[in-house]
>>> print(open('my_file.csv').read())   # CSV, C-alpha atoms
chain,number,residue,atom,x,y,z
A,1335,MET,CA,-19.8,24.0,-0.7
A,1336,SER,CA,-21.2,21.0,-2.6
A,1337,ALA,CA,-20.9,17.6,-1.0
A,1338,ILE,CA,-18.0,15.4,-2.1
A,1339,ILE,CA,-19.3,12.1,-3.3
A,1340,ASP,CA,-16.7,9.3,-3.1
A,1341,LYS,CA,-17.0,5.6,-3.6
A,1342,PRO,CA,-16.0,3.4,-0.7
A,1343,PHE,CA,-12.6,1.7,-0.4
A,1344,THR,CA,-13.3,-2.0,-0.5
A,1345,LEU,CA,-11.1,-5.0,-0.3
A,1346,ALA,CA,-12.3,-8.6,-0.3
A,1347,GLY,CA,-15.8,-7.5,0.3
A,1348,ARG,CA,-15.0,-5.3,3.3
A,1349,THR,CA,-15.2,-1.5,3.3
A,1350,TYR,CA,-12.6,0.7,5.1
A,1351,GLU,CA,-12.7,4.3,6.1
A,1352,SER,CA,-8.9,4.8,5.9
A,1353,ARG,CA,-7.0,4.6,2.6
A,1354,LEU,CA,-3.7,4.3,4.4
A,1355,LEU,CA,-2.2,0.9,5.0
A,1356,VAL,CA,0.9,0.6,7.2
A,1357,GLY,CA,3.6,-1.8,8.0
A,1358,THR,CA,4.9,-2.9,11.3
A,1359,GLY,CA,8.7,-3.3,10.8
A,1360,LYS,CA,11.6,-1.0,11.6
A,1361,TYR,CA,10.3,0.6,14.8
A,1362,LYS,CA,12.4,0.7,17.9
A,1363,ASP,CA,10.0,-1.4,19.9
A,1364,LEU,CA,6.4,-2.7,19.9
A,1365,GLU,CA,5.1,0.3,21.9
A,1366,GLU,CA,6.3,2.8,19.3
A,1367,THR,CA,4.7,0.5,16.6
A,1368,ARG,CA,1.4,0.6,18.4
A,1369,LEU,CA,1.4,4.4,18.9
A,1370,ALA,CA,2.5,5.2,15.3
A,1371,ILE,CA,-0.2,2.9,13.9
A,1372,GLU,CA,-2.8,4.5,16.1
A,1373,ALA,CA,-1.8,8.0,15.0
A,1374,SER,CA,-2.0,7.0,11.3
A,1375,GLY,CA,-5.6,6.0,11.6
A,1376,ALA,CA,-4.9,2.9,9.4
A,1377,GLU,CA,-7.3,0.0,9.6
A,1378,ILE,CA,-5.1,-2.5,7.6
A,1379,VAL,CA,-1.8,-3.4,9.0
A,1380,THR,CA,0.7,-5.5,7.1
A,1381,VAL,CA,3.0,-8.0,8.8
A,1382,ALA,CA,6.1,-9.8,7.4
A,1383,VAL,CA,5.4,-13.3,8.4
A,1384,ARG,CA,9.1,-14.4,7.9
A,1385,ARG,CA,10.4,-11.6,10.2
A,1386,THR,CA,7.7,-11.0,12.8
A,1387,ASN,CA,6.2,-13.3,15.4
A,1388,ILE,CA,2.5,-13.6,15.1
A,1389,GLY,CA,2.3,-16.9,17.0
A,1390,GLN,CA,4.8,-19.1,15.2
A,1391,ASN,CA,7.4,-18.5,18.0
A,1392,PRO,CA,5.8,-19.3,21.4
A,1393,GLY,CA,7.4,-17.5,24.3
A,1394,GLU,CA,8.6,-14.6,22.2
A,1395,PRO,CA,7.0,-11.1,22.1
A,1396,ASN,CA,4.0,-11.4,19.8
A,1397,LEU,CA,3.0,-8.4,17.5
A,1398,LEU,CA,-0.6,-9.3,17.9
A,1399,ASP,CA,-0.4,-8.5,21.6
A,1400,VAL,CA,-0.2,-4.8,20.6
A,1401,ILE,CA,-1.9,-4.9,17.2
A,1402,ASP,CA,-5.3,-6.4,18.0
A,1403,PRO,CA,-6.8,-8.4,15.1
A,1404,LYS,CA,-10.2,-7.4,16.4
A,1405,ARG,CA,-9.4,-3.8,15.8
A,1406,TYR,CA,-7.2,-4.1,12.7
A,1407,THR,CA,-7.3,-6.2,9.5
A,1408,ILE,CA,-4.0,-8.1,9.6
A,1409,LEU,CA,-2.4,-8.3,6.1
A,1410,PRO,CA,0.3,-11.0,6.2
A,1411,ASN,CA,3.0,-10.4,3.5
A,1412,THR,CA,5.7,-12.5,2.0
A,1413,ALA,CA,8.6,-10.0,2.4
A,1414,GLY,CA,11.9,-11.8,2.3
A,1415,CYS,CA,10.7,-14.4,-0.2
A,1416,TYR,CA,12.7,-14.8,-3.4
A,1417,ASP,CA,10.8,-17.5,-5.3
A,1418,ALA,CA,7.2,-18.5,-5.8
A,1419,ALA,CA,7.4,-21.7,-3.8
A,1420,GLU,CA,8.7,-19.8,-0.7
A,1421,ALA,CA,6.0,-17.2,-1.1
A,1422,VAL,CA,3.2,-19.7,-1.4
A,1423,ARG,CA,4.5,-21.6,1.7
A,1424,THR,CA,4.6,-18.4,3.7
A,1425,CYS,CA,1.0,-17.5,2.8
A,1426,ARG,CA,-0.2,-20.9,3.8
A,1427,LEU,CA,1.6,-20.6,7.1
A,1428,ALA,CA,-0.1,-17.2,7.7
A,1429,ARG,CA,-3.4,-18.8,7.0
A,1430,GLU,CA,-2.8,-21.4,9.7
A,1431,LEU,CA,-1.6,-18.9,12.2
A,1432,LEU,CA,-4.5,-16.5,11.6
A,1433,ASP,CA,-7.3,-19.1,11.7
A,1434,GLY,CA,-8.1,-19.4,8.0
A,1435,HIS,CA,-7.3,-15.7,7.1
A,1436,GLN,CA,-7.4,-15.4,3.3
A,1437,LEU,CA,-6.2,-11.8,2.6
A,1438,VAL,CA,-2.5,-11.7,1.9
A,1439,LYS,CA,0.0,-9.4,0.3
A,1440,LEU,CA,2.2,-11.2,-2.2
A,1441,GLU,CA,5.7,-9.9,-2.5
A,1442,VAL,CA,8.4,-11.9,-4.4
A,1443,LEU,CA,11.7,-10.1,-4.5
A,1444,ALA,CA,14.4,-10.3,-7.2
A,1445,ASP,CA,17.5,-9.5,-5.0
A,1446,GLN,CA,18.5,-8.0,-1.7
A,1447,LYS,CA,20.1,-4.9,-3.2
A,1448,THR,CA,17.1,-3.4,-5.0
A,1449,LEU,CA,14.2,-5.3,-3.5
A,1450,PHE,CA,12.7,-5.0,-6.9
A,1451,PRO,CA,9.9,-7.5,-7.6
A,1452,ASN,CA,10.7,-10.7,-9.5
A,1453,VAL,CA,7.8,-10.5,-11.9
A,1454,ILE,CA,8.1,-14.0,-13.3
A,1455,GLU,CA,8.1,-15.6,-9.8
A,1456,THR,CA,5.3,-13.2,-8.7
A,1457,LEU,CA,3.1,-14.4,-11.6
A,1458,LYS,CA,3.7,-18.0,-10.7
A,1459,ALA,CA,2.9,-17.5,-7.0
A,1460,ALA,CA,-0.2,-15.4,-7.8
A,1461,GLU,CA,-1.6,-18.1,-10.0
A,1462,VAL,CA,-1.2,-20.7,-7.2
A,1463,LEU,CA,-2.5,-18.6,-4.4
A,1464,VAL,CA,-5.6,-17.4,-6.3
A,1465,LYS,CA,-6.5,-21.1,-7.2
A,1466,ASP,CA,-5.9,-21.9,-3.5
A,1467,GLY,CA,-8.6,-19.4,-2.4
A,1468,PHE,CA,-6.5,-16.5,-1.2
A,1469,ASP,CA,-7.5,-12.9,-1.7
A,1470,VAL,CA,-4.2,-11.7,-3.2
A,1471,MET,CA,-2.9,-8.1,-3.1
A,1472,VAL,CA,0.3,-8.1,-5.1
A,1473,TYR,CA,3.4,-6.0,-5.0
A,1474,THR,CA,4.6,-5.5,-8.6
A,1475,SER,CA,6.7,-3.3,-11.0
A,1476,ASP,CA,5.2,-0.3,-12.6
A,1477,ASP,CA,4.7,-2.2,-15.9
A,1478,PRO,CA,1.1,-1.7,-17.0
A,1479,ILE,CA,1.0,-5.0,-18.9
A,1480,ILE,CA,2.0,-7.0,-15.8
A,1481,ALA,CA,-0.5,-5.1,-13.7
A,1482,ARG,CA,-3.2,-6.0,-16.2
A,1483,GLN,CA,-2.2,-9.7,-16.2
A,1484,LEU,CA,-2.2,-9.9,-12.4
A,1485,ALA,CA,-5.7,-8.4,-12.3
A,1486,GLU,CA,-6.9,-10.8,-15.0
A,1487,MET,CA,-5.4,-13.7,-13.1
A,1488,GLY,CA,-7.7,-12.9,-10.1
A,1489,CYS,CA,-5.6,-10.7,-7.8
A,1490,ILE,CA,-8.0,-8.4,-5.9
A,1491,ALA,CA,-5.5,-5.4,-5.9
A,1492,VAL,CA,-2.3,-4.5,-7.7
A,1493,MET,CA,0.4,-2.6,-5.8
A,1494,PRO,CA,3.0,-1.0,-8.1
A,1495,LEU,CA,6.0,0.5,-6.6
A,1496,ALA,CA,6.4,4.3,-6.8
A,1497,GLY,CA,10.1,4.0,-5.9
A,1498,LEU,CA,12.4,1.2,-4.5
A,1499,ILE,CA,11.4,-0.1,-1.0
A,1500,GLY,CA,12.8,2.0,1.8
A,1501,THR,CA,14.4,4.7,-0.4
A,1502,GLY,CA,11.9,7.5,0.3
A,1503,LEU,CA,12.5,8.8,-3.2
A,1504,GLY,CA,8.8,9.6,-3.7
A,1505,ILE,CA,6.7,9.0,-6.9
A,1506,CYS,CA,9.4,8.3,-9.4
A,1507,ASN,CA,7.1,6.9,-12.1
A,1508,PRO,CA,3.9,9.0,-12.3
A,1509,TYR,CA,3.3,8.4,-16.0
A,1510,ASN,CA,3.4,4.6,-15.7
A,1511,LEU,CA,1.2,4.8,-12.7
A,1512,ARG,CA,-1.3,6.9,-14.6
A,1513,ILE,CA,-1.5,4.2,-17.4
A,1514,ILE,CA,-2.0,1.5,-14.8
A,1515,LEU,CA,-4.8,3.5,-13.2
A,1516,GLU,CA,-6.5,4.2,-16.5
A,1517,GLU,CA,-6.7,0.5,-17.3
A,1518,ALA,CA,-7.4,-0.7,-13.7
A,1519,LYS,CA,-10.2,-3.2,-13.1
A,1520,VAL,CA,-9.2,-3.7,-9.5
A,1521,PRO,CA,-7.9,-1.2,-6.8
A,1522,VAL,CA,-4.5,0.2,-7.4
A,1523,LEU,CA,-2.4,1.0,-4.3
A,1524,VAL,CA,1.0,2.6,-4.4
A,1525,ASP,CA,3.4,0.4,-2.5
A,1526,ALA,CA,7.0,1.5,-1.7
A,1527,GLY,CA,8.9,4.7,-2.3
A,1528,VAL,CA,6.9,7.1,-0.2
A,1529,GLY,CA,9.2,9.3,2.0
A,1530,THR,CA,7.0,12.1,3.4
A,1531,ALA,CA,3.5,13.3,3.4
A,1532,SER,CA,3.6,15.1,0.1
A,1533,ASP,CA,4.5,11.9,-1.6
A,1534,ALA,CA,1.4,10.2,-0.2
A,1535,THR,CA,-0.7,13.1,-1.3
A,1536,ILE,CA,0.7,12.9,-4.9
A,1537,ALA,CA,-0.1,9.2,-5.1
A,1538,MET,CA,-3.7,9.9,-4.1
A,1539,GLU,CA,-4.0,12.9,-6.5
A,1540,LEU,CA,-3.1,10.5,-9.3
A,1541,GLY,CA,-6.2,8.5,-8.4
A,1542,CYS,CA,-4.8,5.6,-6.4
A,1543,GLU,CA,-7.3,3.9,-4.2
A,1544,ALA,CA,-4.9,3.8,-1.2
A,1545,VAL,CA,-1.2,3.9,-0.2
A,1546,LEU,CA,0.8,1.3,1.7
A,1547,MET,CA,3.9,2.5,3.6
A,1548,ASN,CA,6.3,1.5,6.4
A,1549,SER,CA,9.7,3.1,6.3
A,1550,ALA,CA,8.3,6.6,5.8
A,1551,ILE,CA,6.7,6.5,9.2
A,1552,ALA,CA,9.1,4.1,11.1
A,1553,HIS,CA,12.3,5.9,10.0
A,1554,ALA,CA,11.0,9.4,10.7
A,1555,GLN,CA,12.6,11.3,13.6
A,1556,ASN,CA,9.2,11.2,15.2
A,1557,PRO,CA,7.2,8.2,13.9
A,1558,VAL,CA,4.1,9.0,15.8
A,1559,LEU,CA,3.9,12.5,14.5
A,1560,MET,CA,4.6,11.3,10.9
A,1561,GLY,CA,1.9,8.7,11.2
A,1562,ALA,CA,-0.6,11.5,12.0
A,1563,ALA,CA,0.8,13.5,9.1
A,1564,MET,CA,0.3,10.6,6.7
A,1565,LYS,CA,-3.3,10.3,7.8
A,1566,HIS,CA,-4.0,13.9,6.8
A,1567,ALA,CA,-1.9,13.6,3.6
A,1568,ILE,CA,-4.0,10.7,2.4
A,1569,ILE,CA,-7.3,12.5,3.1
A,1570,ALA,CA,-6.1,15.7,1.4
A,1571,GLY,CA,-4.8,13.9,-1.7
A,1572,ARG,CA,-8.1,12.0,-2.1
A,1573,MET,CA,-10.1,15.2,-1.7
A,1574,ALA,CA,-8.0,17.0,-4.3
A,1575,TYR,CA,-8.4,14.1,-6.7
A,1576,LEU,CA,-12.1,14.2,-6.3
A,1577,ALA,CA,-12.2,18.0,-6.6
A,1578,GLY,CA,-10.2,18.1,-9.9
A,1579,ARG,CA,-7.2,20.3,-10.1
A,1580,MET,CA,-7.0,23.4,-12.3
A,1581,PRO,CA,-5.3,23.0,-15.7
A,1582,LYS,CA,-1.6,24.0,-15.9
A,1583,LYS,CA,-0.8,27.0,-18.0
A,1584,LEU,CA,2.4,28.4,-19.4
A,1585,TYR,CA,1.5,32.0,-18.8
A,1586,ALA,CA,-0.1,34.0,-15.9
A,1587,SER,CA,-3.8,34.4,-15.6
A,1588,ALA,CA,-5.4,37.2,-13.5
A,1589,SER,CA,-7.1,35.9,-10.4
A,1590,SER,CA,-9.7,38.7,-10.6
A,1591,PRO,CA,-11.8,39.6,-13.7
A,1592,LEU,CA,-10.9,42.8,-15.6
A,1593,ASP,CA,-14.5,43.8,-16.3
A,1594,GLY,CA,-15.5,46.9,-14.4
A,1595,LEU,CA,-11.9,47.8,-13.5
A,1596,ILE,CA,-11.6,51.5,-12.5
A,1597,LYS,CA,-9.5,53.4,-14.9
>>> encode(input="my_file.csv", output="structure tokens")
Amino acid sequence: MSAIIDKPFTLAGRTYESRLLVGTGKYKDLEETRLAIEASGAEIVTVAVRRTNIGQNPGEPNLLDVIDPKRYTILPNTAGCYDAAEAVRTCRLARELLDGHQLVKLEVLADQKTLFPNVIETLKAAEVLVKDGFDVMVYTSDDPIIARQLAEMGCIAVMPLAGLIGTGLGICNPYNLRIILEEAKVPVLVDAGVGTASDATIAMELGCEAVLMNSAIAHAQNPVLMGAAMKHAIIAGRMAYLAGRMPKKLYASASSPLDGLIK
């Protein structure tokens, strides 16, 4: 079998072996969080600064006690923010708490029912954060034009949703994602919508650089086992993408050649 040649997955000048990024919310306790993340093989762990204690609440359980920043890249996110000013303030707080950490995930939501991105406020916040020296990974809609604008603005990765946050509906918009991927000048990561391992594999087969997920693991009946399943799904999907799938055909095609067939 010929060797598979793949380019490294790189963010903000750092290379990662795993193409799976995971969240830290919705688990029953910190121990389950730790075990599921370990099983997933993820190296980048995203943290909702407005909902999780990473040092801003002294005396309370601290996520960083079980998710060691020396082992994982901590990716603070602005989940729970509904305007640009709030998101910028949250990123600056995270930078203070994490000793000048510049890598952030920008997420500005439109409403609590859909958790759909507010594109206008996202663009405003992204512009401020990039000028302020942050390395911005940005949650956005599946609009190829907006994805292009965010990349041109200086965001280091665009993260279009595949389905609404926490729904587990899978890849609802493969055609828009394909357009975004074709035009991409920065890494494209699917963010939101993944429900099970096959969804993650499909995202990778489309050509995404990586996938970020939380609910699909945390809400599984066995989060630790699902974390392990996602690890293998990401690997399989990337390998299939590199291998190149066979073309789809309307009619059957014999698996074996007909030449030399005994009559």
>>> residues_around(input="my_file.csv", residues="region 1517-1528 of chain A", least_positions_apart="4", cutoff="9 Å", atoms="all atoms listed in the file", output="NGL selection string")
:A and (1343-1345 or 1473-1474 or 1478 or 1481-1482 or 1485-1486 or 1489-1506 or 1511-1513 or 1532-1534 or 1537-1538 or 1541-1550)
>>> residues_around(input="my_file.csv", residues="region 1556-1570 of chain A", least_positions_apart="6", cutoff="9 Å", atoms="all atoms listed in the file", output="PyMOL selection string")
chain A and resi 1352-1354+1361+1366-1367+1369-1376+1530-1539+1544-1545+1550
>>> residues_near_point(input="my_file.csv", point="(18.6, -7.6, -1.2)", cutoff="12 Å", atoms="all atoms listed in the file", output="short mmCIF file (atom, residue, chain, number, x, y, z; two decimals) with C-alpha atoms, in the coordinates of the input")
data_model
loop_
_atom_site.label_atom_id
_atom_site.label_comp_id
_atom_site.auth_asym_id
_atom_site.auth_seq_id
_atom_site.Cartn_x
_atom_site.Cartn_y
_atom_site.Cartn_z
CA ALA A 1413 8.60 -10.00 2.40
CA GLY A 1414 11.90 -11.80 2.30
CA CYS A 1415 10.70 -14.40 -0.20
CA TYR A 1416 12.70 -14.80 -3.40
CA VAL A 1442 8.40 -11.90 -4.40
CA LEU A 1443 11.70 -10.10 -4.50
CA ALA A 1444 14.40 -10.30 -7.20
CA ASP A 1445 17.50 -9.50 -5.00
CA GLN A 1446 18.50 -8.00 -1.70
CA LYS A 1447 20.10 -4.90 -3.20
CA THR A 1448 17.10 -3.40 -5.00
CA LEU A 1449 14.20 -5.30 -3.50
CA PHE A 1450 12.70 -5.00 -6.90
CA PRO A 1451 9.90 -7.50 -7.60
CA ASN A 1452 10.70 -10.70 -9.50
CA LEU A 1498 12.40 1.20 -4.50
CA ILE A 1499 11.40 -0.10 -1.00
CA GLY A 1500 12.80 2.00 1.80
#
>>> atom_distance(input="my_file.csv", atom1="CA of Val1453 (chain A)", atom2="CA of Asp1466 (chain A)")
19.7 Å
>>> atom_distance(input="my_file.csv", atom1="CA of Val1464 (chain A)", atom2="CA of Val1381 (chain A)")
19.8 Å
>>> closest_residue(input="my_file.csv", among="A:Asn1387, A:Asn1396, A:Thr1412, A:Ser1587", to="Glu1365 (chain A)", atoms="only C-alpha atoms")
A:Asn1396
>>> closest_residue(input="my_file.csv", among="A:Ile1408, A:Leu1484, A:Leu1397, A:Ala1419", to="Gln1436 (chain A)", atoms="all atoms listed in the file")
A:Ile1408
>>> atom_distance(input="my_file.csv", atom1="CA of Ala1421 (chain A)", atom2="CA of Leu1364 (chain A)")
25.5 Å
>>> residues_around(input="my_file.csv", residues="Leu1540 (chain A)", least_positions_apart="6", cutoff="10 Å", atoms="only C-alpha atoms", output="VMD selection string")
chain A and resid 1508 to 1509 1511 to 1512 1515 1571 to 1572 1574 to 1575
